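Asker: File follows, target_27.cif with mmCIF, C-alpha atoms:
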```
data_structure
loop_
_atom_site.label_atom_id
_atom_site.label_comp_id
_atom_site.auth_asym_id
_atom_site.auth_seq_id
_atom_site.Cartn_x
_atom_site.Cartn_y
_atom_site.Cartn_z
CA MET J 1038 64.33 -67.96 135.57
CA GLY J 1039 61.26 -65.77 135.21
CA VAL J 1040 61.20 -65.17 138.97
CA LEU J 1041 64.85 -64.07 138.94
CA ALA J 1042 64.17 -61.70 136.03
CA GLY J 1043 61.19 -60.26 137.89
CA ILE J 1044 63.27 -59.75 141.05
CA GLY J 1045 65.99 -58.07 138.98
CA ILE J 1046 63.52 -55.65 137.37
CA LEU J 1047 61.98 -54.89 140.78
CA GLY J 1048 65.44 -54.22 142.17
CA LEU J 1049 66.18 -51.78 139.35
CA ALA J 1050 62.91 -49.98 140.06
CA LEU J 1051 63.74 -49.67 143.77
CA ILE J 1052 67.11 -48.04 143.08
CA GLY J 1053 65.48 -45.36 140.92
CA THR J 1054 65.88 -46.66 137.36
CA PRO J 1055 63.74 -44.54 134.99
CA LEU J 1056 60.22 -45.86 134.49
CA PHE J 1057 60.50 -46.27 130.71
CA ILE J 1058 63.47 -48.63 131.16
CA ILE J 1059 61.54 -50.72 133.71
CA MET J 1060 58.54 -51.02 131.41
CA GLY J 1061 60.69 -51.80 128.37
CA LEU J 1062 62.58 -54.54 130.25
CA ALA J 1063 59.37 -56.00 131.63
CA ALA J 1064 57.92 -56.17 128.11
CA LEU J 1065 61.01 -57.83 126.62
CA VAL J 1066 61.20 -60.41 129.42
CA ALA J 1067 57.48 -61.15 129.24
CA PHE J 1068 57.48 -61.61 125.47
CA SER J 1069 60.63 -63.76 125.53
CA PHE J 1070 59.13 -66.16 128.10
CA THR J 1071 55.90 -66.53 126.10
CA ASP J 1072 57.68 -67.01 122.75
CA VAL J 1073 55.87 -64.05 121.17
CA GLU J 1074 57.62 -62.03 118.48
CA THR J 1075 58.63 -58.63 119.84
CA SER J 1076 57.79 -57.21 116.41
CA ALA J 1077 54.21 -57.03 117.72
CA VAL J 1078 55.34 -54.04 119.75
CA ALA J 1079 56.79 -52.31 116.69
CA VAL J 1080 53.47 -52.66 114.86
CA GLU J 1081 51.64 -50.88 117.67
CA ILE J 1082 54.29 -48.15 117.85
CA TYR J 1083 53.85 -47.60 114.11
CA ARG J 1084 50.09 -47.22 114.61
CA ILE J 1085 50.65 -44.51 117.19
CA SER J 1086 53.40 -42.74 115.23
CA SER J 1087 51.31 -42.64 112.06
CA ALA J 1088 48.34 -41.03 113.79
CA PRO J 1089 47.98 -37.43 112.53
CA THR J 1090 46.98 -36.19 115.98
CA LEU J 1091 50.39 -37.16 117.40
CA LEU J 1092 51.71 -33.92 115.90
CA THR J 1093 49.51 -31.92 118.25
CA ILE J 1094 51.57 -32.94 121.30
CA PRO J 1095 54.87 -31.18 120.39
CA LEU J 1096 53.11 -28.22 118.77
CA PHE J 1097 50.79 -27.39 121.67
CA THR J 1098 53.60 -28.05 124.17
CA PHE J 1099 55.87 -25.62 122.35
CA ALA J 1100 53.13 -22.96 122.32
CA GLY J 1101 52.52 -23.38 126.05
CA TYR J 1102 56.21 -23.10 126.92
CA VAL J 1103 56.63 -19.98 124.77
CA MET J 1104 53.72 -18.33 126.60
CA ALA J 1105 55.12 -19.34 129.99
CA GLU J 1106 58.56 -17.91 129.16
CA SER J 1107 57.16 -14.61 127.89
CA LYS J 1108 55.33 -11.89 129.82
CA SER J 1109 52.01 -13.47 128.87
CA PRO J 1110 51.30 -14.60 132.48
CA GLN J 1111 51.60 -11.02 133.73
CA ARG J 1112 49.35 -9.62 131.00
CA LEU J 1113 46.66 -12.26 131.44
CA LEU J 1114 46.86 -11.97 135.22
CA LYS J 1115 46.32 -8.20 134.98
CA PHE J 1116 43.27 -8.71 132.77
CA ALA J 1117 41.77 -11.43 134.96
CA GLU J 1118 42.38 -9.35 138.08
CA ALA J 1119 40.63 -6.35 136.51
CA ALA J 1120 37.68 -8.49 135.45
CA LEU J 1121 37.26 -10.64 138.58
CA GLY J 1122 39.29 -9.00 141.33
CA TRP J 1123 36.32 -7.00 142.67
CA LEU J 1124 34.45 -10.20 143.62
CA PRO J 1125 34.71 -11.70 147.12
CA GLY J 1126 37.59 -14.10 146.74
CA GLY J 1127 38.28 -12.50 143.36
CA VAL J 1128 42.07 -12.75 143.49
CA ALA J 1129 41.86 -16.45 144.33
CA ILE J 1130 39.39 -17.00 141.48
CA VAL J 1131 41.81 -15.18 139.18
CA SER J 1132 44.52 -17.62 140.29
CA LEU J 1133 42.30 -20.60 139.42
CA VAL J 1134 41.35 -19.28 135.98
CA ILE J 1135 44.86 -18.20 134.94
CA CYS J 1136 46.48 -21.43 136.14
CA ALA J 1137 43.83 -23.52 134.35
CA PHE J 1138 44.53 -21.58 131.14
CA PHE J 1139 48.27 -22.28 131.27
CA THR J 1140 47.96 -25.89 132.38
CA ALA J 1141 45.70 -26.57 129.39
CA PHE J 1142 48.60 -25.64 127.10
CA THR J 1143 51.57 -27.02 129.04
CA GLY J 1144 50.03 -30.13 130.62
CA ALA J 1145 50.52 -30.84 134.32
CA SER J 1146 54.28 -30.57 133.92
CA GLY J 1147 54.96 -28.20 136.82
CA VAL J 1148 55.42 -25.26 134.45
CA THR J 1149 52.29 -23.54 135.77
CA ILE J 1150 53.45 -23.62 139.40
CA ILE J 1151 56.98 -22.52 138.48
CA ALA J 1152 55.89 -19.75 136.08
CA LEU J 1153 52.88 -18.38 137.96
CA GLY J 1154 53.53 -19.34 141.57
CA GLY J 1155 55.97 -16.50 142.16
CA LEU J 1156 53.46 -13.99 140.76
CA LEU J 1157 50.35 -15.24 142.53
CA TYR J 1158 51.72 -16.07 145.98
CA PRO J 1159 52.60 -12.49 147.06
CA ILE J 1160 49.34 -11.16 145.55
CA LEU J 1161 47.28 -13.66 147.55
CA LYS J 1162 49.21 -12.89 150.74
CA ASN J 1163 48.80 -9.13 150.22
CA GLU J 1164 45.04 -9.62 149.82
CA GLY J 1165 44.89 -11.12 153.30
CA TYR J 1166 44.77 -14.82 152.47
CA SER J 1167 46.55 -17.13 154.87
CA GLU J 1168 49.79 -18.77 153.87
CA LYS J 1169 48.10 -22.17 154.09
CA PHE J 1170 45.31 -21.15 151.71
CA SER J 1171 47.71 -19.45 149.28
CA LEU J 1172 49.99 -22.48 149.07
CA GLY J 1173 47.03 -24.83 148.75
CA ILE J 1174 45.34 -23.01 145.89
CA ILE J 1175 48.53 -22.58 143.86
CA THR J 1176 49.49 -26.23 144.36
CA THR J 1177 46.01 -27.36 143.34
CA SER J 1178 45.85 -25.02 140.35
CA GLY J 1179 49.02 -26.52 138.91
CA SER J 1180 46.97 -29.34 137.39
CA LEU J 1181 43.56 -27.66 137.17
CA GLY J 1182 43.34 -27.17 133.41
CA LEU J 1183 43.81 -30.79 132.33
CA LEU J 1184 40.19 -31.15 131.17
CA PHE J 1185 40.28 -28.10 128.90
CA PRO J 1186 41.45 -28.16 125.27
CA PRO J 1187 44.16 -28.43 124.06
CA SER J 1188 45.30 -30.48 127.08
CA LEU J 1189 48.14 -32.92 126.29
CA PRO J 1190 46.73 -35.72 128.50
CA ILE J 1191 43.43 -35.53 126.58
CA ILE J 1192 45.30 -35.93 123.29
CA LEU J 1193 47.38 -38.82 124.62
CA TYR J 1194 44.31 -40.53 126.08
CA GLY J 1195 42.55 -40.31 122.71
CA LEU J 1196 45.56 -41.85 120.95
CA VAL J 1197 45.90 -44.73 123.39
CA ALA J 1198 42.19 -45.48 123.85
CA LYS J 1199 41.30 -44.80 120.18
CA VAL J 1200 38.65 -42.25 121.17
CA ASP J 1201 37.83 -39.19 119.03
CA ILE J 1202 39.99 -36.36 120.45
CA ASP J 1203 37.58 -33.68 119.25
CA LYS J 1204 34.84 -35.31 121.34
CA LEU J 1205 37.15 -35.46 124.35
CA PHE J 1206 37.92 -31.76 123.99
CA LYS J 1207 34.20 -30.98 124.10
CA ALA J 1208 33.45 -33.44 126.90
CA GLY J 1209 36.01 -31.93 129.27
CA ILE J 1210 34.69 -28.36 129.14
CA LEU J 1211 31.72 -28.62 131.54
CA PRO J 1212 33.47 -30.89 134.10
CA GLY J 1213 36.46 -28.53 134.01
CA ILE J 1214 34.19 -25.56 134.67
CA LEU J 1215 32.57 -27.47 137.55
CA LEU J 1216 35.97 -27.93 139.21
CA ILE J 1217 36.69 -24.21 138.94
CA ILE J 1218 33.23 -23.27 140.27
CA ILE J 1219 33.56 -25.50 143.35
CA LEU J 1220 37.03 -24.20 144.15
CA SER J 1221 35.83 -20.65 143.49
CA LEU J 1222 33.04 -21.02 146.05
CA TRP J 1223 35.64 -22.12 148.59
CA SER J 1224 37.74 -19.11 147.62
CA ILE J 1225 34.76 -16.77 148.09
CA LYS J 1226 34.18 -18.22 151.54
CA ASN J 1227 37.80 -17.57 152.46
CA GLY J 1228 37.75 -14.18 150.76
CA GLN J 1229 34.87 -12.85 152.84
CA ALA J 1230 37.26 -12.15 155.69
CA ASN J 1231 39.10 -9.56 153.61
CA SER J 1232 38.19 -6.09 154.79
CA GLU J 1233 39.34 -4.20 151.71
CA LYS J 1234 37.30 -4.71 148.54
CA LYS J 1235 38.39 -3.64 145.09
CA LYS J 1236 36.01 -1.56 143.01
CA PHE J 1237 34.81 -2.51 139.55
CA HIS J 1238 36.37 -0.28 136.88
CA MET J 1239 35.41 -0.83 133.26
CA GLY J 1240 38.31 1.34 132.16
CA GLU J 1241 40.81 -0.99 133.82
CA ILE J 1242 39.21 -4.01 132.17
CA VAL J 1243 39.34 -2.41 128.72
CA SER J 1244 42.95 -1.33 129.18
CA ALA J 1245 44.03 -4.77 130.44
CA PHE J 1246 42.10 -6.48 127.63
CA LYS J 1247 43.91 -4.38 125.03
CA GLY J 1248 47.20 -5.40 126.61
CA CYS J 1249 46.55 -9.14 126.18
CA PHE J 1250 44.14 -9.00 123.23
CA PHE J 1251 46.09 -11.36 120.98
CA GLU J 1252 46.53 -13.98 123.72
CA VAL J 1253 42.90 -13.90 124.86
CA LEU J 1254 41.82 -14.59 121.28
CA LEU J 1255 43.86 -17.80 121.08
CA PRO J 1256 41.63 -20.32 122.95
CA ILE J 1257 38.56 -18.86 121.22
CA ALA J 1258 40.23 -19.29 117.82
CA ILE J 1259 41.18 -22.90 118.64
CA LEU J 1260 37.66 -23.87 119.68
CA VAL J 1261 36.00 -22.09 116.75
CA GLY J 1262 38.49 -23.57 114.32
CA ILE J 1263 38.06 -27.17 115.49
CA TYR J 1264 34.34 -27.24 116.23
CA GLY J 1265 33.39 -24.92 113.40
CA GLY J 1266 34.88 -27.46 111.01
CA TYR J 1267 37.52 -25.05 109.72
CA THR J 1268 40.57 -26.97 110.97
CA THR J 1269 41.54 -30.35 112.33
CA ALA J 1270 43.18 -30.66 115.76
CA SER J 1271 46.59 -31.00 114.07
CA GLU J 1272 46.06 -27.90 111.93
CA ALA J 1273 44.88 -25.96 115.00
CA ALA J 1274 48.05 -27.02 116.83
CA ALA J 1275 50.28 -25.87 113.95
CA PHE J 1276 48.42 -22.54 113.78
CA THR J 1277 48.73 -22.09 117.57
CA ALA J 1278 52.50 -22.71 117.59
CA PHE J 1279 53.11 -20.33 114.68
CA TYR J 1280 50.73 -17.69 116.04
CA ILE J 1281 52.29 -17.67 119.52
CA LEU J 1282 55.80 -17.53 118.05
CA ILE J 1283 54.91 -14.44 115.99
CA ILE J 1284 52.99 -12.73 118.77
CA GLU J 1285 55.59 -13.18 121.51
CA CYS J 1286 58.65 -12.52 119.32
CA PHE J 1287 57.47 -9.79 116.94
CA VAL J 1288 54.33 -8.17 118.41
CA TYR J 1289 55.02 -8.08 122.16
CA LYS J 1290 58.76 -8.68 121.63
CA ASP J 1291 59.08 -10.55 124.94
CA LEU J 1292 61.37 -13.20 123.45
CA ASN J 1293 64.26 -13.06 121.03
CA LEU J 1294 63.91 -15.43 118.10
CA PHE J 1295 67.60 -16.42 118.15
CA LYS J 1296 68.50 -16.13 121.84
CA ASP J 1297 65.38 -17.38 123.65
CA ILE J 1298 63.45 -19.62 121.27
CA PRO J 1299 66.19 -22.31 120.94
CA ARG J 1300 66.16 -22.68 124.75
CA VAL J 1301 62.35 -22.90 124.81
CA ILE J 1302 62.44 -25.54 122.05
CA LEU J 1303 64.97 -27.58 124.05
CA ASP J 1304 62.89 -27.43 127.25
CA SER J 1305 59.55 -28.18 125.60
CA MET J 1306 60.84 -30.97 123.38
CA SER J 1307 62.56 -32.58 126.38
CA LEU J 1308 59.09 -33.02 127.87
CA VAL J 1309 57.69 -34.33 124.59
CA GLY J 1310 60.63 -36.70 124.17
CA GLY J 1311 60.02 -38.07 127.67
CA ILE J 1312 56.33 -38.63 126.87
CA LEU J 1313 57.09 -40.43 123.61
CA LEU J 1314 59.82 -42.55 125.22
CA ILE J 1315 57.41 -43.67 127.95
CA LEU J 1316 54.74 -44.25 125.30
CA CYS J 1317 56.91 -46.53 123.16
CA CYS J 1318 58.24 -48.59 126.08
CA ALA J 1319 54.87 -48.85 127.83
CA LEU J 1320 53.17 -50.09 124.66
CA GLY J 1321 55.23 -53.25 124.85
CA LEU J 1322 54.09 -53.98 128.40
CA THR J 1323 50.43 -53.15 127.75
CA ASN J 1324 50.43 -55.27 124.57
CA TYR J 1325 51.68 -58.23 126.58
CA LEU J 1326 48.98 -57.74 129.22
CA VAL J 1327 46.29 -57.49 126.56
CA ASP J 1328 47.63 -60.55 124.67
CA GLU J 1329 47.54 -62.54 127.91
CA GLU J 1330 43.91 -61.40 128.41
CA VAL J 1331 44.72 -59.77 131.73
CA PRO J 1332 41.77 -57.33 131.40
CA MET J 1333 39.40 -60.28 130.97
CA GLN J 1334 40.85 -62.02 134.01
CA ILE J 1335 40.43 -58.84 136.05
CA MET J 1336 36.88 -58.59 134.73
CA GLU J 1337 36.03 -62.11 135.88
CA PHE J 1338 37.52 -61.37 139.31
CA MET J 1339 35.58 -58.12 139.63
CA ARG J 1340 32.28 -59.73 138.63
CA THR J 1341 32.51 -61.73 141.85
CA TYR J 1342 32.44 -58.59 143.99
CA LEU J 1343 30.98 -55.83 141.81
CA THR J 1344 27.41 -56.31 140.69
CA SER J 1345 26.55 -52.96 139.09
CA LYS J 1346 27.95 -50.11 137.03
CA TYR J 1347 27.85 -47.80 140.05
CA SER J 1348 29.85 -50.08 142.32
CA PHE J 1349 32.37 -50.50 139.50
CA LEU J 1350 32.71 -46.72 139.18
CA LEU J 1351 33.30 -46.40 142.94
CA PHE J 1352 36.03 -49.05 142.81
CA LEU J 1353 37.49 -47.42 139.68
CA ASN J 1354 37.76 -44.02 141.36
CA ILE J 1355 39.53 -45.46 144.41
CA PHE J 1356 41.94 -47.36 142.18
CA LEU J 1357 42.67 -44.36 139.95
CA LEU J 1358 43.22 -42.01 142.88
CA ILE J 1359 45.92 -44.39 144.13
CA VAL J 1360 47.42 -44.67 140.64
CA GLY J 1361 47.35 -40.88 140.20
CA SER J 1362 49.28 -40.33 143.40
CA MET J 1363 51.95 -42.88 142.46
CA MET J 1364 52.49 -42.41 138.69
CA ASP J 1365 52.80 -39.43 136.38
CA ILE J 1366 49.73 -38.88 134.23
CA PHE J 1367 51.37 -39.87 130.93
CA SER J 1368 52.61 -43.23 132.23
CA ALA J 1369 49.26 -43.91 133.88
CA ILE J 1370 47.35 -43.26 130.64
CA ILE J 1371 49.58 -45.54 128.61
CA VAL J 1372 49.72 -48.41 131.11
CA VAL J 1373 46.28 -48.36 132.75
CA VAL J 1374 43.86 -47.25 130.00
CA PRO J 1375 44.22 -50.41 127.83
CA LEU J 1376 43.45 -52.50 130.93
CA ILE J 1377 40.39 -50.65 132.23
CA ALA J 1378 38.77 -49.59 128.93
CA PRO J 1379 37.40 -53.07 128.01
CA ILE J 1380 36.26 -53.64 131.60
CA ALA J 1381 34.42 -50.31 131.68
CA GLU J 1382 32.77 -51.17 128.37
CA GLU J 1383 31.46 -54.41 129.87
CA PHE J 1384 29.84 -52.40 132.65
CA GLY J 1385 28.24 -50.03 130.14
CA VAL J 1386 30.41 -46.95 130.80
CA ASN J 1387 30.57 -44.58 127.83
CA PRO J 1388 34.19 -44.37 126.53
CA VAL J 1389 34.12 -40.56 126.54
CA HIS J 1390 32.69 -40.46 130.07
CA LEU J 1391 35.37 -42.93 131.16
CA ALA J 1392 38.04 -40.61 129.75
CA ILE J 1393 36.79 -37.64 131.79
CA ILE J 1394 36.56 -39.76 134.95
CA PHE J 1395 40.08 -41.07 134.35
CA LEU J 1396 41.61 -37.64 133.72
CA THR J 1397 39.82 -36.06 136.70
CA ASN J 1398 41.21 -38.77 138.97
CA LEU J 1399 44.72 -38.27 137.64
CA GLU J 1400 44.33 -34.50 138.05
CA ILE J 1401 43.43 -35.01 141.71
CA GLY J 1402 46.33 -37.44 142.06
CA TYR J 1403 48.77 -34.56 141.55
CA ILE J 1404 47.88 -33.19 145.01
CA THR J 1405 47.23 -36.52 146.76
CA PRO J 1406 49.71 -37.39 149.55
CA PRO J 1407 52.19 -38.90 149.96
CA VAL J 1408 53.79 -38.51 146.51
CA GLY J 1409 51.53 -36.21 144.46
CA ILE J 1410 54.01 -34.43 142.19
CA ASN J 1411 52.52 -30.93 142.63
CA LEU J 1412 53.22 -31.16 146.35
CA PHE J 1413 56.93 -31.59 145.72
CA ILE J 1414 57.07 -28.95 142.98
CA SER J 1415 55.44 -26.40 145.31
CA SER J 1416 57.72 -27.48 148.15
CA PHE J 1417 60.72 -26.75 145.91
CA ARG J 1418 59.26 -23.53 144.46
CA PHE J 1419 58.28 -21.95 147.80
CA LYS J 1420 61.01 -23.59 149.92
CA LYS J 1421 58.48 -25.12 152.33
CA PRO J 1422 58.49 -28.59 153.94
CA VAL J 1423 56.39 -31.00 151.90
CA THR J 1424 54.38 -31.85 155.03
CA GLU J 1425 53.23 -28.22 155.10
CA LEU J 1426 52.00 -28.63 151.52
CA TYR J 1427 50.11 -31.78 152.57
CA LYS J 1428 48.15 -29.76 155.15
CA ALA J 1429 47.55 -26.87 152.76
CA SER J 1430 46.16 -29.11 150.02
CA ILE J 1431 43.79 -31.28 152.08
CA PRO J 1432 40.73 -28.92 151.86
CA PHE J 1433 41.18 -28.63 148.10
CA LEU J 1434 41.61 -32.39 147.80
CA ILE J 1435 38.30 -32.97 149.59
CA LEU J 1436 36.51 -30.46 147.32
CA LEU J 1437 37.93 -32.07 144.18
CA VAL J 1438 36.84 -35.52 145.35
CA ILE J 1439 33.29 -34.15 145.78
CA ALA J 1440 33.47 -32.77 142.23
CA LEU J 1441 34.77 -36.16 141.04
CA ALA J 1442 31.72 -37.88 142.54
CA ILE J 1443 29.44 -35.50 140.63
CA ILE J 1444 31.34 -36.03 137.36
CA THR J 1445 31.27 -39.80 137.88
CA TYR J 1446 27.60 -40.26 138.69
CA VAL J 1447 26.17 -37.48 136.50
CA PRO J 1448 27.43 -38.58 133.06
CA VAL J 1449 25.35 -35.96 131.24
CA LEU J 1450 27.88 -33.38 132.46
CA SER J 1451 30.52 -35.02 130.26
CA LEU J 1452 28.29 -36.14 127.40
CA TRP J 1453 25.88 -33.22 126.92
CA LEU J 1454 28.07 -31.28 124.49
CA ILE J 1455 28.76 -34.31 122.28
CA GLU J 1456 25.26 -35.82 122.11
#
```
Take the structure I supplied and represent it as structure tokens, if you would.

Answerer:
Amino acid sequence: MGVLAGIGILGLALIGTPLFIIMGLAALVAFSFTDVETSAVAVEIYRISSAPTLLTIPLFTFAGYVMAESKSPQRLLKFAEAALGWLPGGVAIVSLVICAFFTAFTGASGVTIIALGGLLYPILKNEGYSEKFSLGIITTSGSLGLLFPPSLPIILYGLVAKVDIDKLFKAGILPGILLIIILSLWSIKNGQANSEKKKFHMGEIVSAFKGCFFEVLLPIAILVGIYGGYTTASEAAAFTAFYILIIECFVYKDLNLFKDIPRVILDSMSLVGGILLILCCALGLTNYLVDEEVPMQIMEFMRTYLTSKYSFLLFLNIFLLIVGSMMDIFSAIIVVVPLIAPIAEEFGVNPVHLAIIFLTNLEIGYITPPVGINLFISSFRFKKPVTELYKASIPFLILLVIALAIITYVPVLSLWLIE
């Protein structure tokens, strides 16, 4: 009977049934065959729902969507171009920085590529960058800001793994900067072929800064508020949502409070609703796996072949790169983290370091063929064959894997700011 149920669930998955339904069915079937009360799932859902930091997910998501729908991308792009555009590869570096900023607020939901891709692509082409490079950098940048606060995956990881979210926010800053630096060096190399160089003008920088003053202040205010001890993460999220609403509707007047904001709320809360639906259904499946001591069984199996922390980390990265290319980041966090966290602890991996390794892998997974989601979003946005996006993203994929190796085997990069 169990085999037939398993075949039925697999069949539903193959015909495209939503993932949360598959996970919910798998949990119900598993618990029913082991005579375990399904109320155990409800207890865990209550633990998650009662966590104060859960409020940060809808609030930060709303703020990110409001910024993406306004003229904020144009203002910030103008400022970044004035400040960095004179460098070799400056326009490409601007693309990396601006996309990372927006992805930190919206999560790797495709909003960054959709909102900024149309602005950045013609600018990069006009600066002499090849079509391949332009497509590759925009596709890669769509998930580049996941390690920076207030990233939604960081918040969700902290909730699922029971790790201090404030520590995760700090831990992701230096690894996130490393990713941008490595990609920037590649951009400089490609930018050296450009014959025309922009000149540095302080007046342009000051003028552009005045134009986006209120938006540039936001990430600074969030970091100072949280790490200065003035606000909690939840309070910072509430302040951010209210602040952005006032700024975009009444200061810059990009959005109408009654015509535009209801649509933005619907779009942003659809994403949040999807995350929470996956979270609730996946908790049932992960609880079953934990109750059946699946992590311990995996641990015993791995001890046969892996003899050190470093070999475990190598295996973990390979595994997570595959997971990241096959699952969306929210599902992967909810399903995989409870399984690997106890195993990593046995090998002596710091929980915060594990979080940064995990999130970096999933970030890379967004551009990993054959099914990295950013590849398909860019294919749709720029009306290009997805195979063309595969070729464009390969150099960036290799560079990010090099950065991943550094983040993995130099733990001080993730832990320095919290120790």

Asker: Go through J:Leu1157, J:Val1128, J:Ile1059, J:Leu1282 one by one, measure the shortest atom-to-atom distance of each to Phe1251 (chain J) using only C-alpha atoms, and give the residue with the smallest value.

Answerer: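 Ranked by minimum distance to Phe1251 (chain J), first place goes to J:Leu1282.
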
Asker: Out of J:Pro1095, J:Pro1375, J:Gly1144, J:Pro1125, which residue has the shortest atom-to-atom distance to Glu1400 (chain J) when counting all atoms listed in the file?

Answerer: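 Under the stated criterion, the closest residue is J:Gly1144.
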
Asker: How many Å lie between CA of Gly1147 (chain J) and CA of Val1423 (chain J), rounded to one decimal?

Answerer: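 Between these atoms lies a distance of 15.4 Å.
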
Asker: Determine the nearest neighbour of Leu1114 (chain J) from the options J:Pro1186, J:Gly1248, J:Gly1173, J:Pro1212, counting all atoms listed in the file.

Answerer: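 Checking each of J:Pro1186, J:Gly1248, J:Gly1173, J:Pro1212 against Leu1114 (chain J), counting all atoms listed in the file, the winner is J:Gly1248.
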
Asker: Evaluate the PyMOL selection byres ((chain J and resi 1379-1390) around 6) here and jot the selected residues down as a compact mmCIF listing (two decimals) with C-alpha atoms, in the frame of the given file.

Answerer:
```
# COMPACT_ATOMS: atom_id res chain seq x y z
CA MET J 1336 36.88 -58.59 134.73
CA LYS J 1346 27.95 -50.11 137.03
CA ILE J 1377 40.39 -50.65 132.23
CA ALA J 1378 38.77 -49.59 128.93
CA LEU J 1391 35.37 -42.93 131.16
CA ALA J 1392 38.04 -40.61 129.75
CA ILE J 1393 36.79 -37.64 131.79
CA SER J 1451 30.52 -35.02 130.26
```

Asker: Which residue gives the smallest distance to Asn1293 (chain J) among J:Ile1044, J:Leu1220, J:Ala1442, J:Val1103, with only C-alpha atoms counted?

Answerer: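 Result for the nearest residue to Asn1293 (chain J): J:Val1103.
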
Asker: Go through J:Ile1151, J:Ala1198, J:Leu1396, J:Ile1217 one by one, measure the shortest atom-to-atom distance of each to Val1131 (chain J) using only C-alpha atoms, and give the residue with the smallest value.

Answerer: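 With only C-alpha atoms as the atom set, the closest residue is J:Ile1217.
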
Asker: For Ala1258 (chain J), which of J:Trp1123, J:Phe1246, J:Phe1367, J:Tyr1280 is the closest residue, counting all atoms listed in the file?

Answerer: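 Looking at the shortest contact to Ala1258 (chain J), the residue is J:Tyr1280.
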
Asker: If the PyMOL selection byres ((chain J and resi 1456) around 12) were run on this exact file, what residues would it hold? Put them as a VMD selection string.

Answerer: chain J and resid 1204 1207 to 1208 1387 1389 to 1390 1448 to 1455

Asker: Counting all atoms listed in the file, find residues at most 8 Å from (55.4, -28.4, 120.7) (file frame) and give them as JSON, numbers by chain.

Answerer: {"J": [1093, 1094, 1095, 1096, 1097, 1098, 1099, 1100, 1101, 1278, 1302, 1305, 1306, 1309]}
